[in-house]
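Below is one structure, written out as structure tokens; the observations come after it.
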Amino acid sequence: MALEQSDVEKIAQLARLDVDANEAQEVTKRISSILELIDQMQDVDTKNIAPLAHPFDAIQRLRPDEVTETDQREYLQSIAPATQDGLYLVPKVIE
Amino acid sequence: MSDRTVAELSRSLAQGEISSVELTRDYLDRIAQHNSLYNAYITVTEDLALAQAAQADAARAKGDAGPLTGIPIAHKDIFCMKDVLTTCGSKMLANFVAPYDATVVAKLNAAGAVTLGKTNMDEFAMGSSNENSFFGAARNPWDTDRVPGGSSGGSATAVAADLCAIATGTDTGGSIRQPAAFCGLTGFKPSYGRISRWGMIAYASSLDQAGPISKSAEDAALMMNVMAGPDHRDSTSVDMPAPDFTANLNDSLQGLRIGVVRQHLAEGLDANVESALQDAIKVFESLGASIKEIDLPNSHLSVSAYYVIAPAEASANLSRYDGVRFGYRCENPANLEDMYKRSRSEGFGNEVKRRILVGTYALSAGYYDAYYIKAQQIRRLIKQDYIDAFKEVDVIIGPTTPNTAFKIGEKNDDPVTMYLEDIYTVSINLAGLPAISIPAGSSKSADGKSLPIGIQLVGSDFAEAKVLNIAHQFQQHTDWHQQRPEG
Amino acid sequence: MVWETVIGLEVHVQLATKSKLFSGSSITFGAAPNTQANIFDLAMPGTLPVMNEAALRMAVKFGLAIDAQIGRKSVFDRKNYFYPDLPKGYQVSQLDFPTVGKGELEITLEDGSTKVIGITRAHIEEDAGKSLHEDFQGLTGIDLNRAGTPLLEIVSEPELANAKEAVAYLKKLHSIIRYLGISDGNMAQGSMRCDANVSVRKKGATELGMRTEIKNINSFRFVEKAILHEAQRQIDIIEDGGRIVQETRLYDADKDETRSMRSKEVANDYRYFPEPDLLPIVIDEAYIESVRAELPELPNAKRERFVSQYELSEYDAGVIASSRQMADFFEEVVTICKDAKLSSNWVTVDLQAVLNKQDLEIEDSPISAARLGGLIARIKDKTISSKIAKTVFEAMLESEQSADEIIESQGLKQVTDSGAIEKLVDEVIANNPEQVEQYRSGKEKVFAFFIGQAMKASRGKANPEQLNTLLKQKLKA
């Protein structure tokens, strides 16, 4: 599937990555070549084959409903970029 | 201490020939001397190592020592270590002091191992050369102009240059086995879920698996005895107790059925690699094994499927790096969008960004079925091929890599060339199988450097002990694993 | 032109677990910011989710209560989007394989008739944190205490025909989740949140009109108002020749209007895919049966039992059965006083009035079921009249005393001694010759006057039946 530069801009927006104008062409080219490699799959007929999301088709183990964690706010916020009054600070979120 | 496998060091420590503190100092000295050349470590935890060594000696004095007590090891910098810098090879986490221990780290600490430091790696484990590290490429001790492989390149370099006795690695598409092959080491990837992923920074969740990079299969088994087992913090870890992986090391290979993949031989393998493989087959035959050609008809699709599934999972796994709670945040963000985009674009390297974009594309509206679902269907075909093959043979033998270690910079131009490095390894991750790469030959480069060649043994689901047994028996009858780089 | 409204509701119910959906952090309401946000909740690198069994059990319980198909295999998916209150950059939810499939809910309309509303599905998902916009010099503060709280999202079919039906549906849902004990359903604290999909069409049309989604309506009253407002807004637009735009709107209770949330209009692509850190959940028959065994008697069954066992009216039975707490209270009262009709009146009228006035739930009632039962028992055995009972009830609100203690200490016991009543009657007749004359000359209305005088003289304690009989006898003489 051919990839346009506009496709790259669209997915970059979804992924919150900047692809600046200088790089856009190069990035598009490289991603196109990766997609070319990937597209070898398209030659195989996989009708009626169930997708395999996990190598062993295993099922989930659950945990009992217990509170096991304690307040570590101060420690955990010591590695945060910006906090105030126990809150993480970010540029204004516009609703 | 000429060879210094874990098994040998363990015996020396037990017999009192050396203390852990002495051994640790020796390793720290070697690191101080050589790391600037090899760039194997991102962080050296000297104080911690000496404290752990002293503890190990004290434990031993009380008669409370296991095989890994006092053994100096290194962790790939993908494992969180409480209060230690844990970068995952990325600028994004260049300031990240982890607030907790990975299960693997906690288990090795509890076993009395001494942590020398955190090893270099391709950023977020994405790469096959270690060149994608924010901290610069590690260098192959066999030829420092060449890559050690990746993504666990720093761990392989550290073990090969004897800057630690053994190291942890992770393998999503070959990231333990390929660097082990390039550095003349034993690299073991257990079955998916055999070792807890708690605290191991995620690249592709359904493929990631930890394992050891070591100087011998016996060392790998000793390490597995500590690393493996179910974990209530990882609900994908396999819910069965880990066996003693050393128990079967000395089993005879008489009657063993070894499969050789017809497709591998037909593809025009590098001549040196092929002859190493043929020599290895002869060794196994001499030990009583029989060889049978088998088919893995969909193996040629594994790289394609892998480069959809791994980036797709990664694209979501790496969304948490947003500059809000930890890690890199750009300077003076103009607004929220700007903070997201600049933090992520400045914090991630090019290969990581490429894979995020590919993964985002594969999951996006209109492409999900053609890419993501298709790849998971191929994944089932690949898994089924292995299930069928293991009805006929006990283990499958093949090359680990198409070639020996390449030069730094050689494959940087086109990501696809680099991706094809993984052609023999990724299908095993897709199928979740245990596999080991062991040294089985060497070739001379054009400039006269001796470069190791690795071959790979693949077992059926949870047949780790069998794979280690076969590798150990090979090493009992060959000396490739004992060869060391000069210097 | 006659228009009809079509409404579907998406209700998020916070499950009443002790810990979060995928981590062992507490979910106590009102904790200081980020004190209940631990390494997994903060999406620290390397952390992994482990699912809370109680959340699954609660979801299955709900499914059984609405006769739904239970998903034998439920699968979690990642819903990808960036928002500062979403630490992982994806929300874990269930897209194609929810734990609860198709079910139904019977609602009671104002005229007493019932209607069955289809429930499309109910899936388990994690809540996000909260953004606080005030007081940070133009920055936003993020509190992740709520992030990872287990939610059950219950999606109805578009089968609600007006705002009142929507409210009835929501109230029934509220009643059921509280019956099941899977949520406190507190809308003010956000443990039950409602989004409404609203469209209008010409009466009798078969195709649905373009819909809008009204987000986060946080009370029963606002649901009604928001829907009424939105339906009228849509009708006005269409009648003016305009077209409805599919969009998300926010209800503003202060202004009683909905407005467009433009920030949500940026086309998003959530890139759902199966969450690789969580394997499929497989539910077997034994598990379902173990949950079924824990199911309490549900509102409809209880209502029917109250009608047959206690001979209550459908209406009274329905009112009492709508709340498990009220039903339990009622039954405890009946056990003590042995009179269901009186119990029903006292619980739904007198006590309810007090609760409404003081804004209390019945479990916080100032008069316990035991005390109320004790009071009614004294009415039933004629120790006191219904009128005196009101006095005792008022006194009970002011103290912890039992009805008997109050009757005793205030001397409120009914006079049933016929000699004493006779004396009263004689006095009243003797003191009011004029009225006696009137009565005897055929003005029987005056009778009420004698009753009043006699009661007054007995300070309300005379047994009314005895008084009545005696008065009639003596006046005839």
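Labeling convention for the structure tokens: chains A, B, ... as they appear, residues from 1 per chain, ligands from 1 in order of appearance.
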| request: Mind the document's chain letters and residue numbers, and return as a PyMOL selection string the residues of chain A that DSSP labels helix (DSSP H, G or I). | output: chain A and resi 5-14+21-43+73-77
Residue contacts of Asn335 (chain B) (12 Å, only C-alpha atoms) excluding same-chain residues fewer than 6 positions away, as a PDB file with N, CA, C and O atoms, in the first residue's frame:
```pdb
ATOM      1  N   LEU A  89       1.517  18.836  37.180  1.00  0.00           N
ATOM      2  CA  LEU A  89       1.143  20.026  36.425  1.00  0.00           C
ATOM      3  C   LEU A  89       1.434  19.853  34.939  1.00  0.00           C
ATOM      4  O   LEU A  89       2.490  19.348  34.555  1.00  0.00           O
ATOM      5  N   VAL A  90       0.484  20.278  34.134  1.00  0.00           N
ATOM      6  CA  VAL A  90       0.654  20.269  32.677  1.00  0.00           C
ATOM      7  C   VAL A  90       0.125  21.593  32.128  1.00  0.00           C
ATOM      8  O   VAL A  90      -0.646  22.270  32.804  1.00  0.00           O
ATOM      9  N   PRO A  91       0.533  21.946  30.902  1.00  0.00           N
ATOM     10  CA  PRO A  91      -0.061  23.151  30.311  1.00  0.00           C
ATOM     11  C   PRO A  91      -1.580  23.013  30.282  1.00  0.00           C
ATOM     12  O   PRO A  91      -2.105  21.908  30.230  1.00  0.00           O
ATOM     13  N   LYS A  92      -2.247  24.130  30.307  1.00  0.00           N
ATOM     14  CA  LYS A  92      -3.707  24.173  30.441  1.00  0.00           C
ATOM     15  C   LYS A  92      -4.411  23.223  29.469  1.00  0.00           C
ATOM     16  O   LYS A  92      -4.148  23.207  28.278  1.00  0.00           O
ATOM     17  N   VAL A  93      -5.297  22.416  30.044  1.00  0.00           N
ATOM     18  CA  VAL A  93      -6.132  21.543  29.230  1.00  0.00           C
ATOM     19  C   VAL A  93      -7.394  22.308  28.892  1.00  0.00           C
ATOM     20  O   VAL A  93      -8.075  22.809  29.776  1.00  0.00           O
ATOM     21  N   ILE A  94      -7.676  22.455  27.614  1.00  0.00           N
ATOM     22  CA  ILE A  94      -8.880  23.197  27.212  1.00  0.00           C
ATOM     23  C   ILE A  94     -10.011  22.219  26.986  1.00  0.00           C
ATOM     24  O   ILE A  94      -9.909  21.312  26.176  1.00  0.00           O
TER      25      ILE A  94
ATOM     26  N   LYS B 341       4.120  16.696  21.808  1.00  0.00           N
ATOM     27  CA  LYS B 341       4.854  16.461  20.567  1.00  0.00           C
ATOM     28  C   LYS B 341       6.344  16.714  20.720  1.00  0.00           C
ATOM     29  O   LYS B 341       7.155  15.917  20.247  1.00  0.00           O
ATOM     30  N   ARG B 342       6.682  17.794  21.387  1.00  0.00           N
ATOM     31  CA  ARG B 342       8.124  18.057  21.499  1.00  0.00           C
ATOM     32  C   ARG B 342       8.788  17.110  22.484  1.00  0.00           C
ATOM     33  O   ARG B 342       9.896  16.634  22.253  1.00  0.00           O
ATOM     34  N   SER B 343       8.108  16.800  23.605  1.00  0.00           N
ATOM     35  CA  SER B 343       8.722  15.872  24.561  1.00  0.00           C
ATOM     36  C   SER B 343       8.994  14.537  23.882  1.00  0.00           C
ATOM     37  O   SER B 343      10.060  13.946  24.030  1.00  0.00           O
TER      38      SER B 343
ATOM     39  N   GLY C 138      -2.635  29.258  35.312  1.00  0.00           N
ATOM     40  CA  GLY C 138      -2.801  28.917  33.907  1.00  0.00           C
ATOM     41  C   GLY C 138      -2.403  27.490  33.565  1.00  0.00           C
ATOM     42  O   GLY C 138      -2.460  27.089  32.424  1.00  0.00           O
ATOM     43  N   LEU C 139      -1.987  26.716  34.563  1.00  0.00           N
ATOM     44  CA  LEU C 139      -1.664  25.317  34.308  1.00  0.00           C
ATOM     45  C   LEU C 139      -2.823  24.444  34.803  1.00  0.00           C
ATOM     46  O   LEU C 139      -3.717  24.916  35.499  1.00  0.00           O
ATOM     47  N   THR C 140      -2.789  23.187  34.412  1.00  0.00           N
ATOM     48  CA  THR C 140      -3.803  22.243  34.874  1.00  0.00           C
ATOM     49  C   THR C 140      -3.136  21.249  35.813  1.00  0.00           C
ATOM     50  O   THR C 140      -2.022  20.791  35.555  1.00  0.00           O
TER      51      THR C 140
END
```
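All chain B residues having an atom within 6 Å of chain C, based on only C-alpha atoms, amount to Trp198, Gly199, Met200, Ile201, Ala202, Ser205, Ser206, Ser235, Ser319, Arg320, Leu363 and Ser364 of chain B.
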| Residues near Pro51 (chain A), cut-off 8 Å, only C-alpha atoms, skip fewer than 6 positions along chain, as a list in words | Ile373, Lys374, Ala375, Gln376, Gln377, Ile378, Arg379 and Arg380 of chain B
| Interface, chain C side, toward chain A (6 Å; only C-alpha atoms) as a PyMOL selection string | chain C and resi 19+24-26+33+35+51-54+138-143+263+279-281
| said: With only C-alpha atoms as the counted atoms, please give the residues lying no more than 10 Å from region 209-221 of chain C, apart from itself and same-chain residues fewer than 2 positions off, as number ranges by chain. | reply: C: 5-12, 163-164, 166-168, 170-171, 186-202, 205-207, 223-227, 230-231, 234, 243-253, 258-261
| Proximity to Ala7 (chain B) - best of B:Asp26, B:Asp234, B:Asp219, B:Asp388, only C-alpha atoms | B:Asp219
| request: May I have all residues of region 134-180 of chain B that DSSP, computed from the backbone, assigns to strand (DSSP E or B), given as a list in words? | output: Asn140, Asp143, Arg146, Ile166, Ala167, Thr168, Gly169, Thr170 and Asp171 of chain B
Could you dump the residues just selected with all heavy atoms as a short mmCIF file (atom, residue, chain, number, x, y, z; two decimals), in the first residue's frame?
```cif
data_model
loop_
_atom_site.label_atom_id
_atom_site.label_comp_id
_atom_site.auth_asym_id
_atom_site.auth_seq_id
_atom_site.Cartn_x
_atom_site.Cartn_y
_atom_site.Cartn_z
N ASN B 140 31.86 -4.31 19.73
CA ASN B 140 32.08 -5.75 19.80
C ASN B 140 33.52 -6.04 20.23
O ASN B 140 34.47 -5.60 19.57
CB ASN B 140 31.81 -6.37 18.43
CG ASN B 140 31.74 -7.89 18.50
OD1 ASN B 140 32.51 -8.52 19.22
ND2 ASN B 140 30.81 -8.46 17.75
N ASP B 143 36.04 -7.19 17.63
CA ASP B 143 36.50 -6.18 16.68
C ASP B 143 35.73 -4.92 17.01
O ASP B 143 34.53 -4.82 16.70
CB ASP B 143 36.22 -6.63 15.23
CG ASP B 143 36.60 -5.55 14.22
OD1 ASP B 143 36.99 -4.43 14.64
OD2 ASP B 143 36.49 -5.82 13.00
N ARG B 146 33.19 -3.14 14.99
CA ARG B 146 31.93 -3.83 14.65
C ARG B 146 30.92 -3.73 15.78
O ARG B 146 31.27 -3.48 16.93
CB ARG B 146 32.23 -5.31 14.34
CG ARG B 146 32.98 -5.45 13.04
CD ARG B 146 33.33 -6.88 12.71
NE ARG B 146 34.21 -6.85 11.56
CZ ARG B 146 33.79 -6.96 10.28
NH1 ARG B 146 32.51 -7.14 10.01
NH2 ARG B 146 34.63 -6.89 9.28
N ILE B 166 28.16 -12.74 34.01
CA ILE B 166 26.94 -13.12 33.27
C ILE B 166 26.05 -11.89 33.28
O ILE B 166 26.19 -11.02 34.16
CB ILE B 166 26.27 -14.35 33.93
CG1 ILE B 166 25.19 -14.96 33.02
CG2 ILE B 166 25.70 -14.01 35.31
CD1 ILE B 166 24.75 -16.37 33.47
N ALA B 167 25.12 -11.81 32.33
CA ALA B 167 24.26 -10.63 32.28
C ALA B 167 22.85 -11.02 31.89
O ALA B 167 22.62 -12.06 31.26
CB ALA B 167 24.82 -9.61 31.29
N THR B 168 21.91 -10.18 32.28
CA THR B 168 20.54 -10.36 31.82
C THR B 168 20.36 -9.65 30.48
O THR B 168 21.06 -8.68 30.18
CB THR B 168 19.53 -9.76 32.81
OG1 THR B 168 19.83 -8.38 33.02
CG2 THR B 168 19.57 -10.49 34.15
N GLY B 169 19.41 -10.16 29.71
CA GLY B 169 19.05 -9.52 28.46
C GLY B 169 17.56 -9.68 28.26
O GLY B 169 16.88 -10.32 29.07
N THR B 170 17.07 -9.10 27.18
CA THR B 170 15.68 -9.37 26.80
C THR B 170 15.65 -9.62 25.30
O THR B 170 16.51 -9.14 24.56
CB THR B 170 14.72 -8.20 27.12
OG1 THR B 170 15.13 -7.04 26.38
CG2 THR B 170 14.72 -7.89 28.60
N ASP B 171 14.66 -10.40 24.90
CA ASP B 171 14.61 -10.88 23.52
C ASP B 171 13.17 -10.77 23.03
O ASP B 171 12.30 -11.48 23.49
CB ASP B 171 15.09 -12.34 23.51
CG ASP B 171 15.33 -12.89 22.11
OD1 ASP B 171 14.47 -12.64 21.24
OD2 ASP B 171 16.35 -13.58 21.91
#
```
| field | Between CA of Arg177 (chain B) and CA of Pro434 (chain B) - distance in Å to one decimal | value | 11.0 Å
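When the distance limit is 8 Å and only C-alpha atoms are what count, the residues near Gln263 (chain B), minus those fewer than 5 positions from it on the same chain, are Asp295, Leu296, Pro297 and Ser299 of chain B.
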Applying 8 Å and only C-alpha atoms, which residues near Ala370 (chain C) remain after dropping the ones on its own chain fewer than 6 positions away? List them as a compact mmCIF listing (two decimals) with N, CA, C and O atoms, in the first residue's frame.
```txt
# COMPACT_ATOMS: atom_id res chain seq x y z
N GLU C 332 -38.26 -5.94 58.48
CA GLU C 332 -37.88 -6.02 59.89
C GLU C 332 -38.99 -5.42 60.75
O GLU C 332 -39.34 -5.96 61.81
N VAL C 333 -39.57 -4.33 60.28
CA VAL C 333 -40.67 -3.70 61.00
C VAL C 333 -41.86 -4.67 61.10
O VAL C 333 -42.45 -4.85 62.17
N ILE C 336 -41.62 -7.43 63.61
CA ILE C 336 -41.83 -7.02 65.00
C ILE C 336 -43.31 -6.73 65.28
O ILE C 336 -43.86 -7.19 66.26
```
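Considering the residues C:Leu475, C:Gln438, C:Glu314, C:Phe306 and counting only C-alpha atoms, Ile451 (chain C) has its shortest atom-to-atom contact with C:Leu475.
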| query | For Gln25 (chain A), which of A:Leu37, A:Glu4, A:Asp43, A:Ala12 is the closest residue, counting only C-alpha atoms? | reply | A:Glu4
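If only C-alpha atoms are the atoms counted, then among A:Leu17, A:Leu35, A:Val44, A:Ala2 the closest residue to chain B is A:Leu17.
Taking CA of Arg484 (chain B) and CA of Ala471 (chain B) as the two end points, the separation is 18.3 Å.
Between CA of Leu93 (chain B) and CA of Ile356 (chain B) lies a distance of 16.8 Å.
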